[in-house]
Every structure is written in structure tokens, then in C-alpha cells.
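Listing of target.txt; format and content: compact mmCIF, C-alpha atoms.
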```txt
# COMPACT_ATOMS: atom_id res chain seq x y z
CA MET P 1 -15.70 2.54 -3.74
CA GLN P 2 -14.17 2.98 -7.19
CA ILE P 3 -15.90 6.38 -7.56
CA LEU P 4 -14.23 7.55 -4.34
CA GLN P 5 -10.90 6.17 -5.51
CA ILE P 6 -11.13 7.93 -8.87
CA SER P 7 -12.31 11.16 -7.21
CA LEU P 8 -9.32 11.17 -4.86
CA LEU P 9 -6.92 10.31 -7.67
CA LEU P 10 -8.24 13.23 -9.73
CA VAL P 11 -7.01 15.61 -7.02
CA PHE P 12 -3.49 15.08 -8.37
CA PRO P 13 -3.99 16.19 -11.98
CA ALA P 14 -6.34 19.00 -10.94
CA LEU P 15 -3.88 20.54 -8.48
CA VAL P 16 -0.86 19.98 -10.74
CA ILE P 17 -2.60 21.72 -13.66
CA LEU P 18 -3.62 24.56 -11.35
CA ALA P 19 -0.02 24.91 -10.14
CA GLY P 20 1.28 25.11 -13.71
CA LEU P 21 -1.31 27.73 -14.64
CA LYS P 22 -0.63 29.80 -11.52
CA ASP P 23 3.12 29.69 -12.14
CA ALA P 24 2.71 30.72 -15.79
CA THR P 25 0.45 33.65 -14.93
CA THR P 26 1.84 34.87 -11.59
CA TYR P 27 5.30 33.28 -11.20
CA THR P 28 4.17 31.81 -7.91
CA ILE P 29 2.87 28.44 -6.83
CA PRO P 30 0.75 28.92 -3.71
CA ASN P 31 1.73 26.74 -0.77
CA TRP P 32 -1.84 25.48 -0.43
CA ILE P 33 -1.48 23.59 -3.73
CA SER P 34 1.53 21.57 -2.55
CA LEU P 35 -0.02 21.13 0.89
CA GLY P 36 -3.26 19.96 -0.74
CA LEU P 37 -1.35 17.35 -2.72
CA ILE P 38 0.41 16.15 0.42
CA ALA P 39 -2.81 16.09 2.47
CA ALA P 40 -4.73 14.16 -0.21
CA PHE P 41 -2.00 11.57 -0.69
CA ILE P 42 -2.69 9.36 2.35
CA PRO P 43 -6.49 9.17 1.82
CA ALA P 44 -5.93 8.47 -1.89
CA ALA P 45 -3.35 5.80 -1.07
CA LEU P 46 -5.60 4.10 1.49
CA VAL P 47 -8.68 4.14 -0.73
CA SER P 48 -6.59 2.85 -3.64
CA GLY P 49 -5.57 -0.13 -1.53
CA ALA P 50 -1.86 0.62 -1.74
CA PRO P 51 0.16 -1.63 0.58
CA LEU P 52 1.95 0.05 3.46
CA GLY P 53 5.28 -0.75 1.81
CA VAL P 54 4.27 1.16 -1.33
CA ILE P 55 3.08 4.10 0.78
CA GLY P 56 6.40 4.06 2.64
CA VAL P 57 8.37 4.05 -0.61
CA CYS P 58 6.24 6.95 -1.90
CA LEU P 59 7.00 8.90 1.29
CA LEU P 60 10.72 8.18 0.85
CA VAL P 61 10.64 9.23 -2.81
CA GLY P 62 8.83 12.44 -1.87
CA PHE P 63 11.37 13.19 0.86
CA CYS P 64 14.30 12.57 -1.50
CA ALA P 65 12.65 14.79 -4.11
CA LEU P 66 12.24 17.50 -1.47
CA LEU P 67 15.95 17.29 -0.68
CA GLY P 68 16.78 17.46 -4.39
CA GLY P 69 14.39 20.36 -4.88
CA MET P 70 15.91 22.20 -1.92
CA GLY P 71 19.34 21.71 -3.49
CA MET P 72 18.12 23.08 -6.84
CA PHE P 73 16.51 26.00 -5.01
CA ALA P 74 19.73 26.70 -3.09
CA MET P 75 21.64 26.81 -6.38
CA GLY P 76 19.11 29.25 -7.81
CA TRP P 77 17.91 26.87 -10.52
CA ILE P 78 14.26 26.79 -9.43
CA GLY P 79 12.01 28.68 -7.07
CA GLY P 80 10.80 27.51 -3.68
CA GLY P 81 7.29 26.79 -4.95
CA ASP P 82 8.78 24.70 -7.76
CA ALA P 83 10.79 22.65 -5.24
CA LYS P 84 7.69 21.99 -3.12
CA LEU P 85 5.56 21.08 -6.14
CA PHE P 86 8.30 18.76 -7.42
CA ALA P 87 8.41 16.94 -4.07
CA ALA P 88 4.62 16.71 -3.72
CA ALA P 89 4.32 15.29 -7.25
CA ALA P 90 7.10 12.76 -6.61
CA LEU P 91 5.27 11.69 -3.43
CA TRP P 92 2.20 10.78 -5.49
CA LEU P 93 4.14 9.15 -8.32
CA GLY P 94 6.40 6.95 -6.22
CA TRP P 95 8.76 4.36 -7.59
CA PRO P 96 9.56 3.90 -10.51
CA ALA P 97 7.29 6.58 -12.08
CA THR P 98 9.60 9.28 -10.71
CA PHE P 99 12.13 8.50 -13.44
CA PRO P 100 9.83 9.39 -16.37
CA PHE P 101 8.59 12.33 -14.28
CA MET P 102 12.12 13.72 -13.97
CA LEU P 103 12.95 13.02 -17.61
CA VAL P 104 9.82 14.65 -19.02
CA THR P 105 10.11 17.56 -16.57
CA GLY P 106 13.68 18.19 -17.74
CA LEU P 107 12.73 18.00 -21.41
CA ALA P 108 9.66 20.18 -20.91
CA GLY P 109 11.75 22.66 -18.92
CA GLY P 110 14.27 22.89 -21.75
CA ALA P 111 11.54 23.37 -24.35
CA LEU P 112 9.82 25.96 -22.16
CA THR P 113 13.08 27.84 -21.68
CA LEU P 114 13.77 27.89 -25.42
CA ALA P 115 10.22 29.06 -26.14
CA ILE P 116 10.43 31.87 -23.59
CA LEU P 117 13.87 32.91 -24.85
CA GLY P 118 12.33 33.11 -28.32
CA LEU P 119 9.51 35.19 -26.89
CA ARG P 120 12.09 37.49 -25.30
CA SER P 121 14.17 37.82 -28.47
CA GLY P 122 12.45 41.06 -29.41
CA TRP P 123 10.94 39.84 -32.66
CA LEU P 124 7.53 39.43 -31.08
CA GLU P 125 7.60 42.70 -29.15
CA PRO P 126 4.86 44.35 -31.26
CA ILE P 127 2.57 41.37 -30.67
CA LEU P 128 3.37 41.28 -26.94
CA ALA P 129 2.38 44.92 -26.54
CA GLY P 130 -1.30 44.09 -26.96
CA SER P 131 -1.28 40.83 -25.03
CA PRO P 132 -2.46 40.19 -21.45
CA ALA P 133 -0.17 41.35 -18.63
CA TRP P 134 0.96 37.82 -17.74
CA VAL P 135 2.08 37.19 -21.34
CA ARG P 136 3.98 40.48 -21.39
CA LYS P 137 5.65 39.42 -18.13
CA LEU P 138 6.72 36.12 -19.72
CA GLY P 139 8.23 38.10 -22.59
CA ALA P 140 10.02 40.63 -20.36
CA GLN P 141 13.80 40.61 -20.65
CA GLY P 142 15.61 39.06 -17.70
CA GLY P 143 12.53 37.44 -16.23
CA ASP P 144 12.37 34.05 -14.61
CA ILE P 145 11.16 30.81 -16.18
CA PRO P 146 7.91 29.46 -14.68
CA TYR P 147 9.31 25.98 -14.14
CA GLY P 148 6.10 24.85 -12.45
CA VAL P 149 4.72 24.47 -15.98
CA ALA P 150 7.42 21.90 -16.81
CA ILE P 151 6.87 20.11 -13.49
CA ALA P 152 3.14 19.93 -14.23
CA ILE P 153 3.77 18.47 -17.69
CA GLY P 154 6.18 15.88 -16.31
CA ALA P 155 3.78 14.95 -13.51
CA LEU P 156 0.82 14.54 -15.87
CA VAL P 157 2.80 12.38 -18.30
CA ALA P 158 4.07 10.12 -15.48
CA PHE P 159 0.76 9.99 -13.59
CA PRO P 160 -0.66 6.90 -15.34
CA GLN P 161 2.42 4.98 -14.16
CA GLY P 162 2.06 6.27 -10.59
CA ALA P 163 2.16 3.99 -7.57
CA LEU P 164 -1.48 4.60 -6.59
CA ASN P 165 -3.18 3.97 -9.90
CA GLY P 166 -3.24 0.19 -9.60
CA GLY P 167 -4.09 -0.45 -13.22
CA LEU P 168 -6.79 2.21 -13.51
CA PHE P 169 -5.02 3.72 -16.52
```
Translate this file's structure into C-alpha cells.
Amino acid sequence: MQILQISLLLVFPALVILAGLKDATTYTIPNWISLGLIAAFIPAALVSGAPLGVIGVCLLVGFCALLGGMGMFAMGWIGGGDAKLFAAAALWLGWPATFPFMLVTGLAGGALTLAILGLRSGWLEPILAGSPAWVRKLGAQGGDIPYGVAIAIGALVAFPQGALNGGLF
């Protein structure tokens, strides 16, 4: 039973890492990643032995995160894929792991923004010329910030404190 539990719990870091990589390389987070996180949550919660109250709180936290993500999307701060990934990660993390998730995501987002602004400063332009297309896109003036990377970092840092882990970490 513990092998099944660990296997289902590993869906979270695998999909979150994939989302961060996809966002960094394509500036998109496919819907199937967020949907996969949502679909795997209930089986993972049940196999982990999470009480119904904990599952309910996780669902509430995920819904509130979706509302917050929609607000950030409406203000133009993040993309739609970022908002969905943020909500799906919050669903898995539950209460109170969402607080370190938000804190680390914010800090990682700030560091990522500063790093990309440095990349776009023009000093590294000769190096960027020979780099892969996705790196050149990151260094392009006026481009977006792949905030899914920051969300993935925050989610991975907060994951050991998540509601479903039950002392596994």
C-alpha cells in the first residue's frame, strides 16, 4: 500500500517540474498538467488516508487559490496557465503548507524576474546569439516572465509540509 501511496504522491513533483520546464521553454503551461494534478489529487488523498475534513480543506484552499490566481491573471500579473498551476498546487498542499508555498513562490518569482532582467540587459547579447531558441526568447527585450518556474519552486519547497504526506517526509 505504501508503494501505491508514494507513487501517487510522486505525481505532484513530476507534474510541477514538467510545468516549470514547459513554461521556461515555451511560455505555456499545458492544461493537461493542471488537470492531471487535479485528477490525481483525490486518489492520492484517499490512498494516503487523509480524513474527509482534510480533503475538504484542501479543496477549499485550491478554490481560494484559483480565485486569487484569476485575480492576478485579470490584473495582468500572471498568465492563465500560471493561475491554474498555482491553484492545482495549492489543492495538493492544503493548509497550512500554502503559506510557505506562496512565500517561496513570491521570492522565487522576484529572483527569476531579476535574473531575466539581467539577461535582457544587453551585456549577454553575444552569448545569447549562440544559445538555444528558448534561451534567446527568455533574453528577448519586452518578453514575459515564465512565472510557472517560480510556482514550481514554491510548490516543491512546500511539498514536504503538504496535507497528504502524513509524515512521509
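Proximity ranking of P:Gly69, P:Ala50, P:Ile6, P:Gly154 relative to P:Met102 places P:Gly154 first, based on all atoms listed in the file.
For P:Thr25, the list of residues within 12 Å, based on all atoms listed in the file and with local chain neighbours fewer than 2 positions off taken out, reads Leu18, Ala19, Gly20, Leu21, Lys22, Asp23, Tyr27, Thr28, Ile29, Pro132, Ala133, Trp134, Val135, Arg136, Lys137, Leu138, Gly139, Asp144, Ile145, Pro146, Tyr147, Gly148 and Val149 of chain P.
If you measure from each of P:Ala108, P:Leu8, P:Leu85, P:Ala65 to P:Ala44 using only C-alpha atoms, the closest one turns out to be P:Leu8.
When only C-alpha atoms are used to compute distances to P:Gln161, the closest of the residues P:Thr113, P:Thr98, P:Asn31, P:Ser48 turns out to be P:Thr98.
Distance check against P:Gly106 using all atoms listed in the file: of P:Glu125, P:Gly80, P:Gln141, P:Ile153, the minimum falls on P:Ile153.
You can rank P:Leu107, P:Leu91, P:Ile3, P:Ala150 by their closest distance to P:Leu35 using only C-alpha atoms, and at the top of that list sits P:Leu91.
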